[in-house]
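Student: Okay, handing you the structure first.
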Amino acid sequence: MTKRANAVVNTHDLTQILARYRAPSLLRSMVELGITAGPFVLLWLLIWATLDLGYWLSLLLAVPAAGFLVRLFMIQHDCGHGAFFRRRLTNDWVGRVIGVLTLTPYDFWRRKHAVHHSTSGNLDRRGIGDVDTLTVREYLSRSGWGRMRYRIYRHPLVMFGFGPAYLFIVEHRIPIGLMRNGWMPWLSTMGTNVAIVALVATIVWFVGIGAFLLVHIPIMLLAASVGVWLFYVQHQFEDTVWAHDRAWNLQDAALRGSSHYSLPSLLRWFTANIGVHHVHHLCSRIPFYRLPLVLRDHPNLDGIGRLTLLQSIRCVRLVLWDERRQRLVSFREMRRNCAQVEDGSGDTSMRSA
């Protein structure tokens with residue numbers, strides 16, 4: 001598992017340095033948008049045109065199509081941070097249009113994501129825009145049914161299978177989490193829903209409901225699972241940072257509580273460098289295409305929270321925050337530690353299930 005870099009990084013000074021990379025290029029942003037949206041539409045049409053040749057080919061083509069849809073979501077993500085274009089209005093409307101394709105109400109999501117950035121790693125401010133994470137003590141204090149619910153929620157089939165489908169297809173249709181926060185969340189979600197219905201109705205009118213479902217459902221489900229996986233590994237790794245409010249620091253949580261997901265070049269392109277997540281959290285206004293420049297100019301950041309593709313797979317088993325050891329642990333590790341406590345070698349307040 002990844003280990004934190006030995007070099008001491010002054011996060012306050014680094015935040016000032018990273019501000020130099022924030023300015024987006026209009027030409028570069030337009031090109032990135034074009035080479036992402038264009039191929040996605042062409043692949044969608046190609047899949048539809050080849051349905052009669054065998055559905056296996058359609059499923060094969062759905063993989064790169066899902067990759068471009070993920071990349072569109074990452075552009076929407078940059079728009080939400082005001083990082084893709086200089087003007088807020090341009091960011092917002094491009095983000096809203098993309099949100100119809102990604103089934104994500106832009107303004108509603110932007111507000112929840114802003115909460116995530118401002119509270120990431122804070123044990124006293126969990127619950128909005130993050131993966132539900134319990135401490136060992138909290139887990140052990142739950143009833144048997146409560147523990148089972150948490151185990152089901154953290155199971156890979158739910159977390160990366162049923163969960164993403166529910167999130168994008170069902171949960172994003174109403175402003176869950178912000179339902180009492182005025183009219184904006186409702187306007188964002190309902191406006192996106194109306195636009196989705198209009199777009200789907202238009203496509204179905206041309207290609208038919210059966211063809212639409214055969215083409216789009218695999219693309220959407222695969223893109224949703226990939227998106228949730230990326231979000232998961234960005235904060236759910238062994239040496240992440242969690243702390244109670246009195247000890248929590250925004251900059252430290254941003255830099256050391258977010259991973260550097262070091263992916264192969266092709267995957268870095270499709271995920272729009274979102275793997276450089278520790279830098280993104282420290283300065284969210286940096287356009288995704290400038291993030292590699294930060295690592296090039298500041299190589300000391302490369303090893304902080306670094307995860308390879310293989311190492312990230314092992315993160316799936318990490319489900320509980322151990323406050324004594326200051327790291328994420330698996331259920332098995334938790335049971336082993338509790339057994340040691342029962343033998344008299346640890347914190348007597350920690351008892352096994």
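Chain labels follow the order of the structure tokens: the first chain is A, the next B, and so on; residue numbering restarts at 1 in every chain, and ligands are counted from 1 in their shown order.
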Residues at most 12 Å from region 299-311 of chain A, counting only C-alpha atoms, excluding those fewer than 6 positions away in the same chain, as a count of residues only?

Tutor: 52

Student: Which residues of region 3-69 of chain A sit at most 12 Å from region 195-205 of chain A, using only C-alpha atoms? Give each one's shortest atom pair and distance in Å (one decimal place), in chain and ascending residue order, as CSV.

Tutor:
```
residue,atom,partner,partner_atom,distance
A:Trp44,CA,A:Ile203,CA,11.2
A:Leu45,CA,A:Ile203,CA,10.8
A:Trp48,CA,A:Ile203,CA,11.1
```

Student: Those selected residues, please, written with N, CA, C and O atoms and delivered as an mmCIF file, in the first residue's frame.

Tutor:
```
data_model
loop_
_atom_site.group_PDB
_atom_site.id
_atom_site.type_symbol
_atom_site.label_atom_id
_atom_site.label_comp_id
_atom_site.auth_asym_id
_atom_site.auth_seq_id
_atom_site.Cartn_x
_atom_site.Cartn_y
_atom_site.Cartn_z
ATOM 1 N N TRP A 44 -21.796 6.491 -30.319
ATOM 2 C CA TRP A 44 -23.192 6.148 -30.036
ATOM 3 C C TRP A 44 -23.917 5.775 -31.336
ATOM 4 O O TRP A 44 -24.616 4.757 -31.391
ATOM 5 N N LEU A 45 -23.714 6.597 -32.353
ATOM 6 C CA LEU A 45 -24.358 6.322 -33.649
ATOM 7 C C LEU A 45 -23.812 5.051 -34.285
ATOM 8 O O LEU A 45 -24.559 4.282 -34.913
ATOM 9 N N TRP A 48 -25.422 2.058 -32.651
ATOM 10 C CA TRP A 48 -26.788 1.905 -33.156
ATOM 11 C C TRP A 48 -26.800 1.314 -34.562
ATOM 12 O O TRP A 48 -27.596 0.422 -34.863
#
```

Student: If we count only C-alpha atoms and set the cut-off at 10 Å, which residues sit around Tyr150 (chain A), ignoring sequence neighbours fewer than 6 positions away in its own chain? Please answer as a CSV table (one decimal) with all heavy atoms, in the first residue's frame.

Tutor:
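What follows is the written file result-v3.csv:
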```csv
chain,number,residue,atom,x,y,z
A,132,ASP,N,-19.9,7.0,2.5
A,132,ASP,CA,-20.1,6.8,3.9
A,132,ASP,C,-19.0,5.9,4.5
A,132,ASP,O,-18.8,4.8,4.1
A,132,ASP,CB,-21.5,6.1,4.2
A,132,ASP,CG,-22.6,7.0,3.9
A,132,ASP,OD1,-22.4,8.2,3.7
A,132,ASP,OD2,-23.8,6.5,3.8
A,133,THR,N,-18.4,6.4,5.6
A,133,THR,CA,-17.2,5.7,6.2
A,133,THR,C,-17.4,5.8,7.7
A,133,THR,O,-17.5,6.9,8.3
A,133,THR,CB,-15.9,6.3,5.8
A,133,THR,OG1,-15.8,6.4,4.4
A,133,THR,CG2,-14.7,5.5,6.4
A,134,LEU,N,-17.4,4.7,8.4
A,134,LEU,CA,-17.5,4.6,9.8
A,134,LEU,C,-16.2,4.4,10.4
A,134,LEU,O,-15.3,3.8,9.8
A,134,LEU,CB,-18.5,3.4,10.2
A,134,LEU,CG,-19.9,3.5,9.9
A,134,LEU,CD1,-20.7,2.3,10.3
A,134,LEU,CD2,-20.6,4.8,10.4
A,139,TYR,N,-18.7,1.5,14.2
A,139,TYR,CA,-19.2,0.2,13.7
A,139,TYR,C,-19.5,-0.8,14.8
A,139,TYR,O,-20.6,-1.4,14.8
A,139,TYR,CB,-18.1,-0.4,12.7
A,139,TYR,CG,-18.5,-1.8,12.2
A,139,TYR,CD1,-19.4,-1.9,11.2
A,139,TYR,CD2,-17.9,-2.9,12.8
A,139,TYR,CE1,-19.8,-3.2,10.7
A,139,TYR,CE2,-18.2,-4.2,12.3
A,139,TYR,CZ,-19.2,-4.3,11.3
A,139,TYR,OH,-19.5,-5.6,10.9
A,142,ARG,N,-22.8,-0.3,16.7
A,142,ARG,CA,-24.1,-0.5,16.0
A,142,ARG,C,-24.7,-1.9,16.4
A,142,ARG,O,-24.0,-2.8,16.8
A,142,ARG,CB,-23.9,-0.4,14.5
A,142,ARG,CG,-23.6,1.0,14.0
A,142,ARG,CD,-23.8,1.0,12.5
A,142,ARG,NE,-23.9,2.4,12.0
A,142,ARG,CZ,-24.2,2.7,10.7
A,142,ARG,NH1,-24.6,1.7,9.9
A,142,ARG,NH2,-24.3,4.0,10.4
A,319,VAL,N,-12.5,-0.5,4.8
A,319,VAL,CA,-13.9,-0.1,5.0
A,319,VAL,C,-14.1,0.7,6.3
A,319,VAL,O,-15.2,1.3,6.5
A,319,VAL,CB,-14.8,-1.3,5.0
A,319,VAL,CG1,-14.9,-1.9,3.6
A,319,VAL,CG2,-14.3,-2.4,6.0
```

Student: I'd like the neighbourhood of region 79-81 of chain A as a list of chain:residue names, where a residue qualifies if any of its atoms comes within 8 Å (using only C-alpha atoms), though same-chain residues fewer than 5 positions away should be ignored.

Tutor: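 My list of contacting residues is A:Asn91, A:Asp92, A:Val94, A:Gly95, A:Tyr106, A:Asp107, A:Arg110, A:Ser284, A:Arg285.
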
Student: With all heavy atoms retained, could you export that selection as a short mmCIF file (atom, residue, chain, number, x, y, z; two decimals), in the first residue's frame?

Tutor:
```cif
data_model
loop_
_atom_site.label_atom_id
_atom_site.label_comp_id
_atom_site.auth_asym_id
_atom_site.auth_seq_id
_atom_site.Cartn_x
_atom_site.Cartn_y
_atom_site.Cartn_z
N ASN A 91 -18.94 28.42 -17.91
CA ASN A 91 -18.78 27.17 -17.17
C ASN A 91 -20.13 26.56 -16.81
O ASN A 91 -20.35 25.36 -16.99
CB ASN A 91 -17.98 27.41 -15.88
CG ASN A 91 -16.49 27.48 -16.11
OD1 ASN A 91 -15.88 26.54 -16.59
ND2 ASN A 91 -15.89 28.61 -15.75
N ASP A 92 -21.02 27.40 -16.30
CA ASP A 92 -22.30 26.90 -15.81
C ASP A 92 -23.15 26.32 -16.94
O ASP A 92 -23.73 25.23 -16.78
CB ASP A 92 -23.06 28.02 -15.10
CG ASP A 92 -22.46 28.35 -13.74
OD1 ASP A 92 -21.62 27.57 -13.26
OD2 ASP A 92 -22.81 29.41 -13.18
N VAL A 94 -22.22 25.25 -20.00
CA VAL A 94 -21.61 24.03 -20.56
C VAL A 94 -21.82 22.88 -19.59
O VAL A 94 -22.17 21.76 -19.98
CB VAL A 94 -20.11 24.26 -20.83
CG1 VAL A 94 -19.42 22.93 -21.18
CG2 VAL A 94 -19.92 25.24 -21.97
N GLY A 95 -21.65 23.14 -18.29
CA GLY A 95 -21.88 22.10 -17.28
C GLY A 95 -23.31 21.61 -17.28
O GLY A 95 -23.56 20.40 -17.14
N TYR A 106 -26.54 19.72 -12.76
CA TYR A 106 -25.28 20.43 -12.58
C TYR A 106 -25.25 21.30 -11.32
O TYR A 106 -24.34 21.18 -10.50
CB TYR A 106 -25.00 21.27 -13.83
CG TYR A 106 -23.85 22.25 -13.67
CD1 TYR A 106 -22.54 21.80 -13.76
CD2 TYR A 106 -24.09 23.60 -13.45
CE1 TYR A 106 -21.48 22.69 -13.61
CE2 TYR A 106 -23.05 24.50 -13.31
CZ TYR A 106 -21.74 24.04 -13.39
OH TYR A 106 -20.69 24.92 -13.25
N ASP A 107 -26.21 22.20 -11.17
CA ASP A 107 -26.17 23.14 -10.05
C ASP A 107 -26.33 22.42 -8.71
O ASP A 107 -25.67 22.78 -7.72
CB ASP A 107 -27.26 24.20 -10.21
CG ASP A 107 -27.02 25.07 -11.44
OD1 ASP A 107 -26.18 25.98 -11.37
OD2 ASP A 107 -27.67 24.81 -12.47
N ARG A 110 -23.04 20.57 -8.13
CA ARG A 110 -21.96 21.51 -7.83
C ARG A 110 -21.99 21.91 -6.36
O ARG A 110 -20.95 22.00 -5.71
CB ARG A 110 -22.08 22.75 -8.71
CG ARG A 110 -20.94 23.75 -8.55
CD ARG A 110 -21.16 24.99 -9.39
NE ARG A 110 -22.29 25.76 -8.88
CZ ARG A 110 -22.70 26.91 -9.42
NH1 ARG A 110 -22.08 27.40 -10.47
NH2 ARG A 110 -23.73 27.55 -8.90
N SER A 284 -8.61 23.59 -6.60
CA SER A 284 -9.62 23.02 -7.50
C SER A 284 -9.87 23.86 -8.75
O SER A 284 -10.57 23.42 -9.66
CB SER A 284 -10.94 22.85 -6.74
OG SER A 284 -11.42 24.10 -6.28
N ARG A 285 -9.28 25.05 -8.82
CA ARG A 285 -9.48 25.91 -9.99
C ARG A 285 -8.48 25.60 -11.11
O ARG A 285 -8.50 26.26 -12.15
CB ARG A 285 -9.35 27.38 -9.58
CG ARG A 285 -10.48 27.90 -8.71
CD ARG A 285 -11.78 28.06 -9.50
NE ARG A 285 -11.64 29.00 -10.59
CZ ARG A 285 -11.78 30.33 -10.48
NH1 ARG A 285 -12.07 30.85 -9.29
NH2 ARG A 285 -11.66 31.11 -11.51
#
```

Student: Enumerate, in order of chain and increasing residue number, the residues of region 233-330 of chain A with an atom no farther than 12 Å from region 26-35 of chain A, each with its shortest atom pair and distance in Å to one decimal, counting only C-alpha atoms, as a tab-separated table.

Tutor:
```
residue	atom	partner	partner_atom	distance
A:Trp269	CA	A:Glu32	CA	10.5
A:Phe270	CA	A:Ile35	CA	11.0
A:Ala272	CA	A:Glu32	CA	9.6
A:Pro287	CA	A:Ser29	CA	8.6
A:Phe288	CA	A:Ser29	CA	9.7
A:Tyr289	CA	A:Arg28	CA	8.5
A:Arg290	CA	A:Arg28	CA	10.4
```

Student: List as a JSON list (two decimals) with N, CA, C and O atoms, in the first residue's frame the protein and nucleic acid residues near Val41 (chain A), meaning an atom at most 12 Å away when only C-alpha atoms are counted, but skip any in the same chain fewer than 2 places from it.

Tutor:
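Okay, around36.json is ready:
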```json
[["chain", "number", "residue", "atom", "x", "y", "z"],
["A", 34, "GLY", "N", -14.41, 19.38, -27.70],
["A", 34, "GLY", "CA", -14.73, 18.84, -29.02],
["A", 34, "GLY", "C", -14.26, 17.40, -29.22],
["A", 34, "GLY", "O", -14.98, 16.57, -29.77],
["A", 35, "ILE", "N", -13.02, 17.10, -28.76],
["A", 35, "ILE", "CA", -12.49, 15.75, -28.96],
["A", 35, "ILE", "C", -13.06, 14.75, -27.94],
["A", 35, "ILE", "O", -12.71, 13.56, -27.98],
["A", 36, "THR", "N", -13.93, 15.23, -27.07],
["A", 36, "THR", "CA", -14.61, 14.34, -26.13],
["A", 36, "THR", "C", -16.06, 14.14, -26.54],
["A", 36, "THR", "O", -16.53, 13.00, -26.66],
["A", 37, "ALA", "N", -16.78, 15.23, -26.77],
["A", 37, "ALA", "CA", -18.20, 15.13, -27.13],
["A", 37, "ALA", "C", -18.39, 14.55, -28.52],
["A", 37, "ALA", "O", -19.28, 13.71, -28.74],
["A", 38, "GLY", "N", -17.51, 14.97, -29.47],
["A", 38, "GLY", "CA", -17.64, 14.48, -30.85],
["A", 38, "GLY", "C", -17.52, 12.96, -30.95],
["A", 38, "GLY", "O", -18.42, 12.30, -31.48],
["A", 39, "PRO", "N", -16.44, 12.38, -30.48],
["A", 39, "PRO", "CA", -16.30, 10.91, -30.54],
["A", 39, "PRO", "C", -17.39, 10.18, -29.78],
["A", 39, "PRO", "O", -17.80, 9.08, -30.18],
["A", 43, "LEU", "N", -19.55, 7.43, -31.68],
["A", 43, "LEU", "CA", -19.57, 6.05, -31.19],
["A", 43, "LEU", "C", -21.00, 5.60, -30.89],
["A", 43, "LEU", "O", -21.36, 4.44, -31.17],
["A", 44, "TRP", "N", -21.80, 6.49, -30.32],
["A", 44, "TRP", "CA", -23.19, 6.15, -30.04],
["A", 44, "TRP", "C", -23.92, 5.78, -31.34],
["A", 44, "TRP", "O", -24.62, 4.76, -31.39],
["A", 45, "LEU", "N", -23.71, 6.60, -32.35],
["A", 45, "LEU", "CA", -24.36, 6.32, -33.65],
["A", 45, "LEU", "C", -23.81, 5.05, -34.29],
["A", 45, "LEU", "O", -24.56, 4.28, -34.91],
["A", 46, "LEU", "N", -22.52, 4.81, -34.12],
["A", 46, "LEU", "CA", -21.92, 3.59, -34.68],
["A", 46, "LEU", "C", -22.49, 2.35, -34.01],
["A", 46, "LEU", "O", -22.77, 1.34, -34.69],
["A", 47, "ILE", "N", -22.65, 2.40, -32.70],
["A", 47, "ILE", "CA", -23.23, 1.26, -31.99],
["A", 47, "ILE", "C", -24.65, 0.99, -32.49],
["A", 47, "ILE", "O", -25.04, -0.16, -32.73],
["A", 48, "TRP", "N", -25.42, 2.06, -32.65],
["A", 48, "TRP", "CA", -26.79, 1.91, -33.16],
["A", 48, "TRP", "C", -26.80, 1.31, -34.56],
["A", 48, "TRP", "O", -27.60, 0.42, -34.86],
["A", 62, "ALA", "N", -19.28, -0.18, -26.62],
["A", 62, "ALA", "CA", -19.79, 0.57, -25.48],
["A", 62, "ALA", "C", -18.68, 0.94, -24.50],
["A", 62, "ALA", "O", -18.80, 1.92, -23.76],
["A", 64, "PRO", "N", -15.35, 2.05, -25.12],
["A", 64, "PRO", "CA", -14.79, 3.39, -25.37],
["A", 64, "PRO", "C", -15.85, 4.50, -25.29],
["A", 64, "PRO", "O", -15.54, 5.62, -24.86],
["A", 65, "ALA", "N", -17.09, 4.19, -25.64],
["A", 65, "ALA", "CA", -18.15, 5.20, -25.52],
["A", 65, "ALA", "C", -18.33, 5.60, -24.07],
["A", 65, "ALA", "O", -18.48, 6.80, -23.75],
["A", 66, "ALA", "N", -18.30, 4.63, -23.17],
["A", 66, "ALA", "CA", -18.39, 4.93, -21.74],
["A", 66, "ALA", "C", -17.20, 5.75, -21.29],
["A", 66, "ALA", "O", -17.32, 6.64, -20.44],
["A", 68, "PHE", "N", -15.58, 7.98, -23.05],
["A", 68, "PHE", "CA", -15.81, 9.38, -23.44],
["A", 68, "PHE", "C", -16.89, 10.03, -22.58],
["A", 68, "PHE", "O", -16.82, 11.23, -22.29],
["A", 69, "LEU", "N", -17.88, 9.24, -22.13],
["A", 69, "LEU", "CA", -18.90, 9.80, -21.24],
["A", 69, "LEU", "C", -18.30, 10.15, -19.88],
["A", 69, "LEU", "O", -18.64, 11.19, -19.30],
["A", 72, "LEU", "N", -16.55, 13.35, -20.35],
["A", 72, "LEU", "CA", -17.50, 14.46, -20.36],
["A", 72, "LEU", "C", -17.88, 14.85, -18.93],
["A", 72, "LEU", "O", -18.01, 16.04, -18.61],
["A", 101, "LEU", "N", -26.45, 14.77, -20.46],
["A", 101, "LEU", "CA", -25.87, 13.53, -20.97],
["A", 101, "LEU", "C", -25.41, 12.61, -19.85],
["A", 101, "LEU", "O", -25.49, 11.38, -19.96],
["A", 215, "VAL", "N", -28.47, 0.48, -26.82],
["A", 215, "VAL", "CA", -27.25, 1.28, -27.03],
["A", 215, "VAL", "C", -26.84, 1.98, -25.74],
["A", 215, "VAL", "O", -25.68, 1.90, -25.31],
["A", 216, "HIS", "N", -27.78, 2.66, -25.11],
["A", 216, "HIS", "CA", -27.39, 3.61, -24.06],
["A", 216, "HIS", "C", -27.23, 2.99, -22.68],
["A", 216, "HIS", "O", -26.37, 3.44, -21.91],
["A", 219, "ILE", "N", -23.68, 1.74, -21.95],
["A", 219, "ILE", "CA", -22.76, 2.88, -21.85],
["A", 219, "ILE", "C", -22.92, 3.57, -20.52],
["A", 219, "ILE", "O", -21.95, 3.85, -19.82]]
```

Student: For the helix (DSSP H, G or I) assignment from backbone DSSP, which residues of region 235-265 of chain A qualify? Please present them as a PDB file with C-alpha atoms, in the first residue's frame.

Tutor:
```pdb
ATOM      1  CA  LEU A 250      -8.406  21.834   5.200  1.00  0.00           C
ATOM      2  CA  GLN A 251      -5.080  21.987   3.340  1.00  0.00           C
ATOM      3  CA  ASP A 252      -3.606  18.897   4.977  1.00  0.00           C
ATOM      4  CA  ALA A 253      -6.794  16.924   4.378  1.00  0.00           C
ATOM      5  CA  ALA A 254      -6.769  18.045   0.748  1.00  0.00           C
ATOM      6  CA  LEU A 255      -3.150  17.092   0.083  1.00  0.00           C
ATOM      7  CA  ARG A 256      -2.768  13.956   2.189  1.00  0.00           C
ATOM      8  CA  SER A 265      -1.465   7.093 -20.116  1.00  0.00           C
TER       9      SER A 265
END
```

Student: So how many Å separate CA of Leu140 (chain A) and CA of Phe160 (chain A), to one decimal?

Tutor: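 Computed distance, CA of Leu140 (chain A) to CA of Phe160 (chain A), equals 24.8 Å.
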
Student: Which is closest to Asp322 (chain A) among A:Leu295, A:Cys283, A:Val63, A:Ala243, if we use only C-alpha atoms?

Tutor: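 Going through A:Leu295, A:Cys283, A:Val63, A:Ala243 one by one, the smallest distance to Asp322 (chain A) is for A:Ala243.
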
Student: List the neighbours of His113 (chain A) out to 9 Å using only C-alpha atoms; skip same-chain residues closer than 6 positions along the sequence, and give me the result as a list in words.

Tutor: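 Residues near the query, excluding close chain neighbours: His77, Gly80, Ile128, Gly129 and Asp130 of chain A.
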
Student: Would you compute the distance between CA of Cys315 (chain A) and CA of Arg154 (chain A)? Give it in Å to one decimal.

Tutor: 11.6 Å

Student: For Arg332 (chain A), work out the shell of residues within 12 Å, counting only C-alpha atoms and skipping chain neighbours fewer than 5 positions away, then give it as a PDB file with N, CA and C atoms, in the first residue's frame.

Tutor:
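The new file part11.pdb reads:
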```pdb
ATOM      1  N   VAL A 136     -13.994   2.466  13.461  1.00  0.00           N
ATOM      2  CA  VAL A 136     -14.117   1.149  14.095  1.00  0.00           C
ATOM      3  C   VAL A 136     -15.044   1.225  15.284  1.00  0.00           C
ATOM      4  N   ARG A 317     -11.043  -3.495   0.068  1.00  0.00           N
ATOM      5  CA  ARG A 317     -11.235  -4.162   1.364  1.00  0.00           C
ATOM      6  C   ARG A 317     -11.169  -3.182   2.542  1.00  0.00           C
ATOM      7  N   LEU A 318     -10.707  -1.959   2.317  1.00  0.00           N
ATOM      8  CA  LEU A 318     -10.547  -0.979   3.396  1.00  0.00           C
ATOM      9  C   LEU A 318     -11.875  -0.270   3.637  1.00  0.00           C
ATOM     10  N   VAL A 319     -12.473  -0.504   4.800  1.00  0.00           N
ATOM     11  CA  VAL A 319     -13.860  -0.075   5.002  1.00  0.00           C
ATOM     12  C   VAL A 319     -14.100   0.700   6.293  1.00  0.00           C
ATOM     13  N   LEU A 320     -13.137   0.699   7.208  1.00  0.00           N
ATOM     14  CA  LEU A 320     -13.334   1.349   8.502  1.00  0.00           C
ATOM     15  C   LEU A 320     -12.127   2.206   8.844  1.00  0.00           C
ATOM     16  N   ASN A 337      -7.600  -7.070  15.354  1.00  0.00           N
ATOM     17  CA  ASN A 337      -7.223  -6.095  16.372  1.00  0.00           C
ATOM     18  C   ASN A 337      -8.085  -6.237  17.628  1.00  0.00           C
ATOM     19  N   CYS A 338      -9.378  -6.518  17.413  1.00  0.00           N
ATOM     20  CA  CYS A 338     -10.266  -6.701  18.551  1.00  0.00           C
ATOM     21  C   CYS A 338      -9.894  -7.953  19.336  1.00  0.00           C
ATOM     22  N   ALA A 339      -9.484  -9.005  18.616  1.00  0.00           N
ATOM     23  CA  ALA A 339      -9.059 -10.227  19.295  1.00  0.00           C
ATOM     24  C   ALA A 339      -7.830  -9.968  20.148  1.00  0.00           C
ATOM     25  N   SER A 352     -14.861  -6.958  20.339  1.00  0.00           N
ATOM     26  CA  SER A 352     -15.217  -7.619  19.093  1.00  0.00           C
ATOM     27  C   SER A 352     -16.721  -7.804  18.999  1.00  0.00           C
ATOM     28  N   ALA A 353     -17.156  -8.037  17.766  1.00  0.00           N
ATOM     29  CA  ALA A 353     -18.571  -8.255  17.547  1.00  0.00           C
ATOM     30  C   ALA A 353     -18.984  -9.615  18.088  1.00  0.00           C
TER      31      ALA A 353
END
```

Student: Taking only C-alpha atoms into account, which of A:Ser312, A:Thr102, A:Thr50, A:Ser225 comes nearest Ala165 (chain A)?

Tutor: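 Looking only at the distances to Ala165 (chain A), the closest residue turns out to be A:Ser225.
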
Student: Figure out the distance between CA of Trp242 (chain A) and CA of His281 (chain A), please, to one decimal in Å.

Tutor: 14.8 Å
